[in-house]
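Asks: For reference, this is upload.cif, and it has mmCIF, C-alpha atoms and all ligand atoms.
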```cif
data_work
loop_
_atom_site.group_PDB
_atom_site.id
_atom_site.type_symbol
_atom_site.label_atom_id
_atom_site.label_comp_id
_atom_site.auth_asym_id
_atom_site.auth_seq_id
_atom_site.Cartn_x
_atom_site.Cartn_y
_atom_site.Cartn_z
ATOM 1 C CA MET E 1 -76.451 37.038 36.493
ATOM 2 C CA ALA E 2 -76.981 34.374 33.812
ATOM 3 C CA LYS E 3 -78.841 31.291 35.052
ATOM 4 C CA LEU E 4 -75.902 28.862 34.666
ATOM 5 C CA SER E 5 -72.978 31.181 35.230
ATOM 6 C CA GLY E 6 -70.172 29.482 37.160
ATOM 7 C CA LYS E 7 -71.327 26.026 35.988
ATOM 8 C CA LYS E 8 -69.215 23.710 33.843
ATOM 9 C CA ALA E 9 -71.013 21.561 31.282
ATOM 10 C CA LEU E 10 -69.833 18.711 29.054
ATOM 11 C CA ILE E 11 -71.945 17.461 26.163
ATOM 12 C CA ILE E 12 -70.840 14.177 24.604
ATOM 13 C CA GLY E 13 -71.809 14.375 20.925
ATOM 14 C CA GLY E 14 -72.468 18.090 20.494
ATOM 15 C CA SER E 15 -71.548 18.888 16.903
ATOM 16 C CA ARG E 16 -74.956 18.571 15.226
ATOM 17 C CA GLY E 17 -78.691 18.225 15.818
ATOM 18 C CA ILE E 18 -79.961 17.933 19.370
ATOM 19 C CA GLY E 19 -76.438 18.054 20.837
ATOM 20 C CA ALA E 20 -75.651 21.331 19.064
ATOM 21 C CA ALA E 21 -78.912 22.850 20.340
ATOM 22 C CA ILE E 22 -77.913 21.844 23.892
ATOM 23 C CA VAL E 23 -74.463 23.430 23.436
ATOM 24 C CA LYS E 24 -76.131 26.671 22.285
ATOM 25 C CA GLN E 25 -78.720 26.653 25.088
ATOM 26 C CA LEU E 26 -76.298 26.029 27.962
ATOM 27 C CA SER E 27 -73.728 28.488 26.536
ATOM 28 C CA SER E 28 -76.406 31.179 26.207
ATOM 29 C CA GLU E 29 -77.282 30.634 29.862
ATOM 30 C CA GLY E 30 -73.737 31.377 30.964
ATOM 31 C CA ALA E 31 -72.314 27.872 31.471
ATOM 32 C CA SER E 32 -68.742 27.152 30.478
ATOM 33 C CA VAL E 33 -69.344 24.453 27.850
ATOM 34 C CA ARG E 34 -67.178 21.748 26.304
ATOM 35 C CA PHE E 35 -68.494 19.290 23.766
ATOM 36 C CA THR E 36 -67.158 16.290 21.898
ATOM 37 C CA TRP E 37 -67.490 15.425 18.231
ATOM 38 C CA ALA E 38 -66.441 12.417 16.186
ATOM 39 C CA GLY E 39 -66.898 12.984 12.436
ATOM 40 C CA SER E 40 -68.224 16.534 11.948
ATOM 41 C CA ARG E 41 -65.099 18.686 12.299
ATOM 42 C CA THR E 42 -66.354 21.723 10.368
ATOM 43 C CA LYS E 43 -69.706 21.813 12.175
ATOM 44 C CA ALA E 44 -67.953 21.433 15.525
ATOM 45 C CA GLU E 45 -65.482 24.236 14.775
ATOM 46 C CA ASP E 46 -68.262 26.557 13.551
ATOM 47 C CA LEU E 47 -70.334 25.858 16.656
ATOM 48 C CA ALA E 48 -67.357 26.490 18.930
ATOM 49 C CA ARG E 49 -66.718 29.836 17.215
ATOM 50 C CA GLN E 50 -70.389 30.788 17.414
ATOM 51 C CA THR E 51 -70.912 29.932 21.096
ATOM 52 C CA GLY E 52 -67.493 30.205 22.739
ATOM 53 C CA ALA E 53 -67.745 26.524 23.717
ATOM 54 C CA GLU E 54 -64.700 24.265 23.416
ATOM 55 C CA ALA E 55 -64.800 21.396 20.901
ATOM 56 C CA ILE E 56 -62.883 18.161 21.586
ATOM 57 C CA GLN E 57 -62.587 15.256 19.158
ATOM 58 C CA ALA E 58 -63.412 11.950 20.882
ATOM 59 C CA ASP E 59 -65.116 9.002 19.218
ATOM 60 C CA ALA E 60 -67.595 7.384 21.588
ATOM 61 C CA THR E 61 -66.620 3.931 20.335
ATOM 62 C CA ASP E 62 -63.155 4.498 21.837
ATOM 63 C CA ARG E 63 -63.575 4.012 25.580
ATOM 64 C CA SER E 64 -60.259 5.510 26.591
ATOM 65 C CA ALA E 65 -60.830 8.588 24.407
ATOM 66 C CA ILE E 66 -64.265 9.229 25.873
ATOM 67 C CA LEU E 67 -63.055 8.650 29.435
ATOM 68 C CA ALA E 68 -60.124 11.016 28.889
ATOM 69 C CA ALA E 69 -62.398 13.707 27.416
ATOM 70 C CA THR E 70 -64.703 13.399 30.417
ATOM 71 C CA ARG E 71 -61.895 13.348 32.977
ATOM 72 C CA ASP E 72 -60.111 16.317 31.387
ATOM 73 C CA ALA E 73 -63.292 18.399 31.471
ATOM 74 C CA GLY E 74 -63.907 17.752 35.162
ATOM 75 C CA PRO E 75 -65.158 18.537 37.664
ATOM 76 C CA ILE E 76 -68.351 18.894 35.612
ATOM 77 C CA ASP E 77 -71.584 20.318 37.072
ATOM 78 C CA ILE E 78 -73.790 19.345 34.109
ATOM 79 C CA PHE E 79 -73.002 16.210 32.111
ATOM 80 C CA VAL E 80 -75.080 15.404 29.017
ATOM 81 C CA PHE E 81 -74.655 12.217 27.019
ATOM 82 C CA ASN E 82 -76.302 12.870 23.651
ATOM 83 C CA ALA E 83 -74.192 10.939 21.109
ATOM 84 C CA GLY E 84 -76.188 8.279 19.368
ATOM 85 C CA ILE E 85 -76.758 6.487 16.103
ATOM 86 C CA CYS E 86 -79.816 4.681 14.804
ATOM 87 C CA ILE E 87 -79.303 1.458 12.862
ATOM 88 C CA ALA E 88 -82.740 0.320 11.697
ATOM 89 C CA GLY E 89 -83.965 -2.396 9.365
ATOM 90 C CA ASP E 90 -84.679 -6.086 9.056
ATOM 91 C CA PRO E 91 -82.929 -7.815 11.979
ATOM 92 C CA LEU E 92 -82.318 -10.840 9.778
ATOM 93 C CA THR E 93 -80.175 -8.877 7.369
ATOM 94 C CA LEU E 94 -78.648 -5.999 9.391
ATOM 95 C CA ASP E 95 -74.865 -6.218 9.736
ATOM 96 C CA PRO E 96 -74.043 -7.460 13.272
ATOM 97 C CA ASP E 97 -70.977 -5.170 13.347
ATOM 98 C CA ASP E 98 -73.232 -2.161 12.795
ATOM 99 C CA ILE E 99 -75.449 -3.283 15.677
ATOM 100 C CA ASP E 100 -72.425 -3.713 17.939
ATOM 101 C CA ARG E 101 -71.168 -0.257 17.002
ATOM 102 C CA MET E 102 -74.565 1.176 17.961
ATOM 103 C CA ILE E 103 -74.443 -0.668 21.295
ATOM 104 C CA ASP E 104 -70.924 0.695 21.873
ATOM 105 C CA ILE E 105 -72.045 4.297 21.343
ATOM 106 C CA ASN E 106 -75.596 4.278 22.711
ATOM 107 C CA ILE E 107 -75.031 2.095 25.800
ATOM 108 C CA ARG E 108 -71.395 1.381 26.637
ATOM 109 C CA ALA E 109 -70.091 4.907 26.152
ATOM 110 C CA ALA E 110 -73.149 6.369 27.897
ATOM 111 C CA TYR E 111 -72.526 4.229 30.991
ATOM 112 C CA HIS E 112 -68.759 4.615 31.255
ATOM 113 C CA ALA E 113 -68.764 8.368 30.603
ATOM 114 C CA SER E 114 -71.600 8.975 33.089
ATOM 115 C CA VAL E 115 -69.718 7.119 35.820
ATOM 116 C CA GLU E 116 -66.499 8.976 34.987
ATOM 117 C CA ALA E 117 -68.335 12.321 35.130
ATOM 118 C CA ALA E 118 -69.798 11.420 38.525
ATOM 119 C CA ARG E 119 -66.354 10.627 39.941
ATOM 120 C CA SER E 120 -65.404 14.284 40.370
ATOM 121 C CA MET E 121 -68.841 15.906 40.027
ATOM 122 C CA PRO E 122 -69.639 18.426 42.769
ATOM 123 C CA ASP E 123 -72.627 17.753 45.033
ATOM 124 C CA GLY E 124 -75.845 18.821 43.329
ATOM 125 C CA GLY E 125 -74.563 17.996 39.836
ATOM 126 C CA ARG E 126 -76.653 16.792 36.928
ATOM 127 C CA ILE E 127 -76.304 13.740 34.691
ATOM 128 C CA ILE E 128 -78.667 13.819 31.709
ATOM 129 C CA LEU E 129 -78.833 11.116 29.039
ATOM 130 C CA ILE E 130 -80.637 11.490 25.728
ATOM 131 C CA GLY E 131 -82.698 8.340 25.202
ATOM 132 C CA SER E 132 -85.738 7.892 22.986
ATOM 133 C CA THR E 133 -89.471 7.436 23.186
ATOM 134 C CA ASN E 134 -88.758 4.089 21.467
ATOM 135 C CA ALA E 135 -87.689 2.860 24.905
ATOM 136 C CA ASN E 136 -91.400 2.996 25.778
ATOM 137 C CA ARG E 137 -93.056 2.141 22.508
ATOM 138 C CA VAL E 138 -91.936 0.394 19.310
ATOM 139 C CA PRO E 139 -94.861 0.692 16.899
ATOM 140 C CA PHE E 140 -92.878 -0.084 13.718
ATOM 141 C CA THR E 141 -90.716 -2.898 12.405
ATOM 142 C CA GLY E 142 -86.951 -2.596 12.191
ATOM 143 C CA LEU E 143 -86.350 -0.789 15.470
ATOM 144 C CA ALA E 144 -85.673 -3.637 17.921
ATOM 145 C CA ALA E 145 -81.950 -3.063 18.422
ATOM 146 C CA TYR E 146 -82.142 0.747 18.517
ATOM 147 C CA SER E 147 -85.019 0.628 21.003
ATOM 148 C CA MET E 148 -83.127 -1.872 23.125
ATOM 149 C CA THR E 149 -80.184 0.547 23.406
ATOM 150 C CA LYS E 150 -82.498 3.305 24.575
ATOM 151 C CA SER E 151 -84.403 1.185 27.119
ATOM 152 C CA ALA E 152 -81.032 0.250 28.654
ATOM 153 C CA LEU E 153 -80.686 3.915 29.607
ATOM 154 C CA GLN E 154 -83.855 3.688 31.705
ATOM 155 C CA SER E 155 -82.401 1.195 34.167
ATOM 156 C CA MET E 156 -79.061 2.979 33.979
ATOM 157 C CA VAL E 157 -80.561 6.215 35.310
ATOM 158 C CA ARG E 158 -82.679 4.419 37.901
ATOM 159 C CA GLY E 159 -79.574 2.730 39.278
ATOM 160 C CA LEU E 160 -77.156 5.661 39.054
ATOM 161 C CA ALA E 161 -79.731 7.928 40.709
ATOM 162 C CA ARG E 162 -79.548 5.604 43.731
ATOM 163 C CA ASP E 163 -75.743 5.395 43.582
ATOM 164 C CA PHE E 164 -75.219 9.169 43.600
ATOM 165 C CA GLY E 165 -78.335 10.386 45.432
ATOM 166 C CA ASP E 166 -76.481 10.973 48.700
ATOM 167 C CA ARG E 167 -74.452 13.619 46.832
ATOM 168 C CA HIS E 168 -77.653 15.249 45.527
ATOM 169 C CA ILE E 169 -76.575 14.415 41.975
ATOM 170 C CA THR E 170 -79.647 13.850 39.806
ATOM 171 C CA VAL E 171 -79.614 11.346 36.933
ATOM 172 C CA ASN E 172 -82.331 11.429 34.281
ATOM 173 C CA VAL E 173 -83.039 10.368 30.731
ATOM 174 C CA ILE E 174 -84.819 12.662 28.277
ATOM 175 C CA GLN E 175 -86.769 10.618 25.722
ATOM 176 C CA PRO E 176 -87.491 12.613 22.578
ATOM 177 C CA GLY E 177 -89.960 11.570 19.948
ATOM 178 C CA PRO E 178 -89.425 12.395 16.265
ATOM 179 C CA THR E 179 -87.179 15.456 16.244
ATOM 180 C CA ASP E 180 -86.114 17.321 13.112
ATOM 181 C CA THR E 181 -82.391 16.586 12.675
ATOM 182 C CA ASP E 182 -80.102 14.845 10.167
ATOM 183 C CA MET E 183 -81.033 11.550 11.870
ATOM 184 C CA ASN E 184 -84.767 12.075 11.397
ATOM 185 C CA PRO E 185 -85.677 14.931 9.029
ATOM 186 C CA ALA E 186 -89.203 16.337 9.340
ATOM 187 C CA ASN E 187 -89.596 15.908 5.572
ATOM 188 C CA GLY E 188 -88.107 12.390 5.477
ATOM 189 C CA PRO E 189 -89.833 9.367 3.924
ATOM 190 C CA GLN E 190 -90.955 7.945 7.302
ATOM 191 C CA ALA E 191 -92.357 11.216 8.668
ATOM 192 C CA ASP E 192 -96.038 10.565 7.839
ATOM 193 C CA LEU E 193 -95.859 7.085 9.367
ATOM 194 C CA MET E 194 -94.394 8.490 12.588
ATOM 195 C CA HIS E 195 -96.952 11.292 12.737
ATOM 196 C CA SER E 196 -99.759 8.725 12.367
ATOM 197 C CA VAL E 197 -99.084 7.415 15.910
ATOM 198 C CA MET E 198 -98.607 10.832 17.523
ATOM 199 C CA ALA E 199 -101.161 13.041 19.293
ATOM 200 C CA ILE E 200 -99.451 16.167 17.955
ATOM 201 C CA LYS E 201 -98.669 15.130 14.399
ATOM 202 C CA GLU E 202 -95.426 16.935 13.755
ATOM 203 C CA HIS E 203 -91.715 16.609 14.499
ATOM 204 C CA GLY E 204 -90.375 18.385 17.543
ATOM 205 C CA SER E 205 -87.304 20.592 17.346
ATOM 206 C CA ALA E 206 -83.826 20.137 18.787
ATOM 207 C CA GLU E 207 -84.431 23.368 20.718
ATOM 208 C CA ASP E 208 -87.421 21.756 22.513
ATOM 209 C CA VAL E 209 -85.104 19.054 23.835
ATOM 210 C CA ALA E 210 -82.416 21.608 24.767
ATOM 211 C CA ALA E 211 -84.993 23.573 26.784
ATOM 212 C CA TYR E 212 -85.769 20.408 28.752
ATOM 213 C CA VAL E 213 -82.062 19.897 29.460
ATOM 214 C CA SER E 214 -81.889 23.476 30.698
ATOM 215 C CA PHE E 215 -84.809 22.860 33.062
ATOM 216 C CA LEU E 216 -83.267 19.666 34.448
ATOM 217 C CA ALA E 217 -80.015 21.578 34.999
ATOM 218 C CA SER E 218 -81.811 24.276 36.993
ATOM 219 C CA PRO E 219 -82.206 24.370 40.798
ATOM 220 C CA ALA E 220 -85.989 23.892 40.358
ATOM 221 C CA ALA E 221 -85.353 20.316 39.148
ATOM 222 C CA ARG E 222 -83.329 19.259 42.199
ATOM 223 C CA GLY E 223 -85.900 16.636 43.211
ATOM 224 C CA ILE E 224 -86.250 14.991 39.792
ATOM 225 C CA THR E 225 -84.060 11.910 39.565
ATOM 226 C CA GLY E 226 -84.043 8.340 38.301
ATOM 227 C CA ALA E 227 -86.823 9.373 35.948
ATOM 228 C CA MET E 228 -87.818 9.267 32.301
ATOM 229 C CA GLN E 229 -88.581 12.682 30.801
ATOM 230 C CA THR E 230 -90.565 11.975 27.666
ATOM 231 C CA ILE E 231 -91.041 14.759 25.130
ATOM 232 C CA ASP E 232 -92.602 13.067 22.127
ATOM 233 C CA GLY E 233 -95.778 14.793 20.944
ATOM 234 C CA GLY E 234 -97.766 11.888 22.371
ATOM 235 C CA PHE E 235 -95.932 9.175 20.380
ATOM 236 C CA SER E 236 -96.083 6.866 23.412
ATOM 237 C CA ALA E 237 -99.468 8.022 24.749
HETATM 238 P P1 LIG L 301 -77.753 13.484 14.593
HETATM 239 O O1 LIG L 301 -77.443 12.312 13.724
HETATM 240 O O2 LIG L 301 -78.309 14.712 13.977
HETATM 241 O O3 LIG L 301 -76.470 13.858 15.481
HETATM 242 C C1 LIG L 301 -75.794 12.835 16.182
HETATM 243 C C2 LIG L 301 -74.746 13.430 17.085
HETATM 244 O O4 LIG L 301 -74.095 12.328 17.739
HETATM 245 C C3 LIG L 301 -73.686 14.201 16.319
HETATM 246 O O5 LIG L 301 -73.264 15.298 17.068
HETATM 247 C C4 LIG L 301 -72.555 13.173 16.174
HETATM 248 O O6 LIG L 301 -71.263 13.745 16.107
HETATM 249 C C5 LIG L 301 -72.700 12.407 17.483
HETATM 250 N N1 LIG L 301 -72.105 11.089 17.329
HETATM 251 C C6 LIG L 301 -72.490 10.085 16.517
HETATM 252 N N2 LIG L 301 -71.642 9.066 16.609
HETATM 253 C C7 LIG L 301 -70.685 9.437 17.487
HETATM 254 C C8 LIG L 301 -69.528 8.823 18.017
HETATM 255 N N3 LIG L 301 -69.126 7.608 17.613
HETATM 256 N N4 LIG L 301 -68.798 9.498 18.945
HETATM 257 C C9 LIG L 301 -69.154 10.729 19.338
HETATM 258 N N5 LIG L 301 -70.238 11.379 18.870
HETATM 259 C C10 LIG L 301 -70.988 10.727 17.955
HETATM 260 O O7 LIG L 301 -78.782 12.910 15.668
HETATM 261 P P2 LIG L 301 -79.829 13.645 16.642
HETATM 262 O O8 LIG L 301 -79.365 14.973 17.014
HETATM 263 O O9 LIG L 301 -81.160 13.469 16.060
HETATM 264 O O10 LIG L 301 -79.754 12.643 17.880
HETATM 265 C C11 LIG L 301 -79.143 12.969 19.110
HETATM 266 C C12 LIG L 301 -79.603 11.955 20.149
HETATM 267 O O11 LIG L 301 -81.037 11.997 20.250
HETATM 268 C C13 LIG L 301 -79.244 10.511 19.794
HETATM 269 O O12 LIG L 301 -78.865 9.827 20.956
HETATM 270 C C14 LIG L 301 -80.556 9.964 19.246
HETATM 271 O O13 LIG L 301 -80.644 8.557 19.398
HETATM 272 C C15 LIG L 301 -81.569 10.699 20.108
HETATM 273 N N6 LIG L 301 -82.905 10.770 19.530
HETATM 274 C C16 LIG L 301 -83.130 11.423 18.326
HETATM 275 C C17 LIG L 301 -84.413 11.454 17.808
HETATM 276 C C18 LIG L 301 -84.748 12.121 16.534
HETATM 277 O O14 LIG L 301 -85.891 11.959 16.057
HETATM 278 N N7 LIG L 301 -83.852 12.920 15.938
HETATM 279 C C19 LIG L 301 -85.549 10.823 18.528
HETATM 280 C C20 LIG L 301 -85.189 10.189 19.757
HETATM 281 C C21 LIG L 301 -83.911 10.180 20.228
HETATM 282 P P3 LIG L 301 -70.374 13.732 14.745
HETATM 283 O O15 LIG L 301 -71.271 14.141 13.621
HETATM 284 O O16 LIG L 301 -69.286 14.702 15.033
HETATM 285 O O17 LIG L 301 -69.866 12.330 14.593
#
```
Translate this structure into structure tokens?
Replies:
Amino acid sequence: MAKLSGKKALIIGGSRGIGAAIVKQLSSEGASVRFTWAGSRTKAEDLARQTGAEAIQADATDRSAILAATRDAGPIDIFVFNAGICIAGDPLTLDPDDIDRMIDINIRAAYHASVEAARSMPDGGRIILIGSTNANRVPFTGLAAYSMTKSALQSMVRGLARDFGDRHITVNVIQPGPTDTDMNPANGPQADLMHSVMAIKEHGSAEDVAAYVSFLASPAARGITGAMQTIDGGFSA
């Protein structure tokens, strides 16, 4: 029997990059997978066709849409909040509306959807947030607001792990380092700078992160909760 057969999974932000790799991984392990997308209709439809997962449009900046998508998918055994944007640059000139949009997606939606998922989650369920190694270390200029959104997830998982621990629901944040996606291409202009602070001087892959999600979803990870799972090639070492 496949490792996750009989399990229902919801990935918020699954159309591209790390989210798409998670959709593929959990589907290949037998889970019944739904994922949300906001702007990438064609990629979402292709991925759904390829994996058998169900694609739902729901913009994470719209609280009622994201709550409805989470509620309609329930009860969910494995909930993954992956959606995220990175607004980087000089804090004195960045558009405040762009920063607020990032806070809406990276923090507000992550919190409200996680709580909604927990409402009907069976005992032993999994809540997994995708944070960033920048929650631990900010070695470059221009990343204050993005890093702030990701460090908020650290206290979120510490607290929610306590709130739902009596139901054996685990709550963790995976903190990737530079990972080759549209957001951060391995051949992008900042790649050498990022590699200069890493022990292993190369981008990771979306599949590396998806494998970590799969482990956290497995019975072997039942005692891991309220914890930061950093997978960053030594970026924060
Ligand atoms: P991509 O830009 O490649 O993909 C982002 C994903 O988030 C897409 O599926 C996108 O969906 C979704 N998304 C964006 N905005 C919204 C929204 N408003 N509502 C719903 N979904 C949305 O990024 P990555 O795959 O690289 O990043 C995934 C996560 O990993 C993010 O949280 C990011 O911060 C984190 N991360 C990435 C790192 C990297 O180096 N790549 C390093 C550390 C953390 P759509 O296109 O349909 O809008």
Asks: Rounded to one decimal, what separation in Å do you get between CA of Ser155 (chain E) and CA of Thr225 (chain E)?
Replies: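 Interatomic distance, CA of Ser155 (chain E) to CA of Thr225 (chain E): 12.1 Å.
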Asks: So which residues touch Ser120 (chain E) within 9 Å, counting all atoms listed in the file, skipping near sequence neighbours fewer than 4 positions away, as JSON, numbers by chain?
Replies: {"E": [71, 74, 75, 76, 116]}
Asks: Applying 10 Å and all atoms listed in the file, which residues near Ala2 (chain E) remain after dropping the ones on its own chain fewer than 5 positions away? List them as number ranges by chain.
Replies: E: 27-31
Asks: Restricting it to C-alpha atoms, dump the selection as an mmCIF file, in the coordinates of the input.
Replies:
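Contents of part_0.cif, as written:
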```
data_model
loop_
_atom_site.group_PDB
_atom_site.id
_atom_site.type_symbol
_atom_site.label_atom_id
_atom_site.label_comp_id
_atom_site.auth_asym_id
_atom_site.auth_seq_id
_atom_site.Cartn_x
_atom_site.Cartn_y
_atom_site.Cartn_z
ATOM 1 C CA SER E 27 -73.728 28.488 26.536
ATOM 2 C CA SER E 28 -76.406 31.179 26.207
ATOM 3 C CA GLU E 29 -77.282 30.634 29.862
ATOM 4 C CA GLY E 30 -73.737 31.377 30.964
ATOM 5 C CA ALA E 31 -72.314 27.872 31.471
#
```
Asks: Between E:Leu26, E:Ala58, E:Leu193, E:Ala68, which is the closest to ligand LIG 301 (chain L) once you count all atoms listed in the file?
Replies: E:Ala58
Asks: Could you give me the residues within 6 Å of ligand LIG 301 (chain L), counting all atoms listed in the file, as a PyMOL selection string?
Replies: chain E and resi 13-19+37-40+59-61+82-85+105+130-132+176-184
Asks: Given only C-alpha atoms as the basis, pick out the residue of E:Ile22, E:Leu10, E:Ala152, E:Ala237 nearest to Ala199 (chain E).
Replies: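 Closest to Ala199 (chain E), using only C-alpha atoms: E:Ala237.
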